[in-house]
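Engineer: This is the structure I have questions about; it appears just below.
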Amino acid sequence: MIRPRGLSALVVPAAVLVTVAVGGWWLAGERGSPDLPRLPVMPAARLTALTDEAVSLYAAGQFPRACDRFSRAWEHDPASAARREDVARCFESWGWSTLRQGRADEAVLLFRQGLRQSPDAPALLRGLGLAAVHAGRAEDALAPLEAAARTDADAEVRLLLAHLYDRRDDASRAL
């Protein structure tokens with residue numbers, strides 16, 4: 001016959017062993033899930049400082065550094081629509097600046113980068129279309145300009161589209 005004291009001498013170590021095994025299994029599952037990216041948690045004060053720095057750089061026209069800071073802030077707060085919009089607007093401004101400098105191919109890339117954050121932004125679509133025209137790729141300009149015209153009643157976009165369709169001898173679309 002087993003005495004009650006002898007039974008508890010077996011149950012307590014077994015319970016501890018089961019608890020350790022289950023805890024180890026659970027922690028291994030947490031570390032082993034490759035589809036859940038782990039971002040370092042940035043303190044709110046540091047995130048605000050990063051955004052403030054981005055705004056200062058943006059105001060000074062230092063777009064590459066500003067867009068980098070805005071992007072890093074958004075990466076640490078991906079649920080923030082405002083931070084996503086900051087990134088898109090930064091690439092939009094950088095794209096327009098680059099286009100004014102005559103570097104149309106680079107501007108195309110910058111507008112596309114902005115569109116990754118804000119795919120329906122009329123200003124980015126308009127910029128992409130205009131940059132494509134300046135880069136000598138009028139065919140590539142049609143889709144973004146048509147998308148911009150659908151979301152924004154910009155007369156200049158419609159006029160540019162009419163001109164592009166007229167050059168293609170597509171009178172019905174030019175009208």
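In the structure tokens, chains take the letters A, B, ... in the order shown, each chain's residues start at 1, and ligands count up from 1 in the order shown.
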At a cut-off of 10 Å, using only C-alpha atoms, what residues contact Ala73 in chain A? Leave out same-chain residues fewer than 3 positions from it and give the result as an NGL selection string.
Structural biologist: :A and (42 or 46-51 or 54 or 67-70 or 76-78 or 80 or 83-84 or 86-87)
Engineer: Could you make a table, as a tab-separated table, of the residues of range 130-161 of chain A that have an atom within 9 Å of an atom of range 120-126 of chain A, each with its nearest atom pair and distance in Å to one decimal, counting only C-alpha atoms, in chain and number order?
Structural biologist:
```
residue	atom	partner	partner_atom	distance
A:Leu130	CA	A:Arg126	CA	6.1
A:Ala131	CA	A:Arg126	CA	8.5
A:Ala141	CA	A:Arg126	CA	8.8
A:Ala143	CA	A:Leu125	CA	8.8
A:Pro144	CA	A:Leu125	CA	4.9
A:Leu145	CA	A:Arg126	CA	5.6
A:Glu146	CA	A:Leu125	CA	8.7
A:Ala147	CA	A:Leu125	CA	7.0
A:Ala148	CA	A:Pro122	CA	4.6
A:Ala149	CA	A:Pro122	CA	7.8
A:Arg150	CA	A:Pro122	CA	8.8
A:Thr151	CA	A:Pro122	CA	6.5
A:Asp152	CA	A:Pro122	CA	6.3
A:Val157	CA	A:Arg126	CA	7.0
```
Engineer: List as a list in words the protein and nucleic acid residues near Arg100 in chain A, meaning an atom at most 12 Å away when only C-alpha atoms are counted, but skip any in the same chain fewer than 5 places from it.
Structural biologist: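 Counting only C-alpha atoms, the residues come to Ser93, Trp94, Gly95, Asp105, Glu106, Ala107, Gly127, Leu130, Ala131 and His134 of chain A.
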Engineer: Using only all heavy atoms, please write the residues we just selected to a file, as a compact mmCIF listing (two decimals), in the first residue's frame.
Structural biologist:
```txt
# COMPACT_ATOMS: atom_id res chain seq x y z
N SER A 93 7.11 64.69 -52.95
CA SER A 93 7.88 65.93 -53.04
C SER A 93 9.25 65.68 -53.65
O SER A 93 9.74 66.47 -54.48
CB SER A 93 8.04 66.56 -51.66
OG SER A 93 6.78 66.94 -51.17
N TRP A 94 9.88 64.60 -53.25
CA TRP A 94 11.19 64.24 -53.79
C TRP A 94 11.08 63.97 -55.29
O TRP A 94 11.92 64.38 -56.09
CB TRP A 94 11.74 63.04 -53.03
CG TRP A 94 13.15 62.66 -53.32
CD1 TRP A 94 14.08 63.31 -54.10
CD2 TRP A 94 13.82 61.50 -52.82
NE1 TRP A 94 15.28 62.63 -54.10
CE2 TRP A 94 15.14 61.52 -53.32
CE3 TRP A 94 13.43 60.45 -52.00
CZ2 TRP A 94 16.07 60.52 -53.02
CZ3 TRP A 94 14.35 59.47 -51.70
CH2 TRP A 94 15.65 59.50 -52.20
N GLY A 95 10.01 63.29 -55.69
CA GLY A 95 9.79 63.01 -57.11
C GLY A 95 9.62 64.28 -57.93
O GLY A 95 10.22 64.43 -59.00
N ASP A 105 13.71 59.70 -65.24
CA ASP A 105 13.75 58.28 -64.89
C ASP A 105 13.82 58.07 -63.38
O ASP A 105 13.16 57.18 -62.84
CB ASP A 105 14.93 57.59 -65.57
CG ASP A 105 14.73 57.44 -67.07
OD1 ASP A 105 13.58 57.16 -67.48
OD2 ASP A 105 15.69 57.62 -67.83
N GLU A 106 14.60 58.90 -62.70
CA GLU A 106 14.66 58.81 -61.23
C GLU A 106 13.33 59.21 -60.61
O GLU A 106 12.89 58.60 -59.63
CB GLU A 106 15.76 59.72 -60.69
CG GLU A 106 17.16 59.25 -60.99
CD GLU A 106 18.20 60.23 -60.48
OE1 GLU A 106 18.08 60.67 -59.31
OE2 GLU A 106 19.11 60.56 -61.25
N ALA A 107 12.71 60.23 -61.18
CA ALA A 107 11.41 60.68 -60.66
C ALA A 107 10.37 59.58 -60.77
O ALA A 107 9.55 59.40 -59.86
CB ALA A 107 10.96 61.93 -61.41
N GLY A 127 2.12 62.64 -61.01
CA GLY A 127 3.57 62.77 -61.10
C GLY A 127 4.20 61.62 -61.87
O GLY A 127 5.09 61.84 -62.70
N LEU A 130 3.40 62.12 -65.60
CA LEU A 130 4.17 63.21 -66.19
C LEU A 130 5.65 62.85 -66.30
O LEU A 130 6.30 63.14 -67.31
CB LEU A 130 3.98 64.48 -65.36
CG LEU A 130 4.47 65.77 -66.00
CD1 LEU A 130 3.80 66.01 -67.35
CD2 LEU A 130 4.22 66.93 -65.06
N ALA A 131 6.18 62.18 -65.29
CA ALA A 131 7.59 61.75 -65.33
C ALA A 131 7.81 60.75 -66.46
O ALA A 131 8.83 60.81 -67.16
CB ALA A 131 8.00 61.15 -64.00
N HIS A 134 8.01 62.67 -69.68
CA HIS A 134 9.32 63.35 -69.78
C HIS A 134 10.46 62.35 -70.01
O HIS A 134 11.49 62.72 -70.59
CB HIS A 134 9.60 64.19 -68.54
CG HIS A 134 8.87 65.48 -68.54
ND1 HIS A 134 9.31 66.60 -69.20
CD2 HIS A 134 7.70 65.84 -67.95
CE1 HIS A 134 8.46 67.58 -69.03
NE2 HIS A 134 7.46 67.15 -68.28
```
Engineer: CA of Arg158 in chain A and CA of Phe63 in chain A, how far apart in Å?
Structural biologist: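 Rounded to one decimal, the two atoms are 29.3 Å apart.
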Engineer: Go ahead and compute the interatomic distance for CA of Arg103 in chain A and CA of Asp166 in chain A, in Å to one decimal.
Structural biologist: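 Interatomic distance here is 26.0 Å.
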Engineer: Would you mind telling me which residue in A:Val55, A:Gly129, A:Gln117, A:Leu160 lies nearest to Glu75 in chain A when using only C-alpha atoms?
Structural biologist: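 Of all the options, A:Gln117 lies closest to Glu75 in chain A.
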Engineer: CA of Ala132 in chain A and CA of Arg112 in chain A, how far apart in Å?
Structural biologist: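 Going from CA of Arg112 in chain A over to CA of Ala132 in chain A, I get 11.0 Å.
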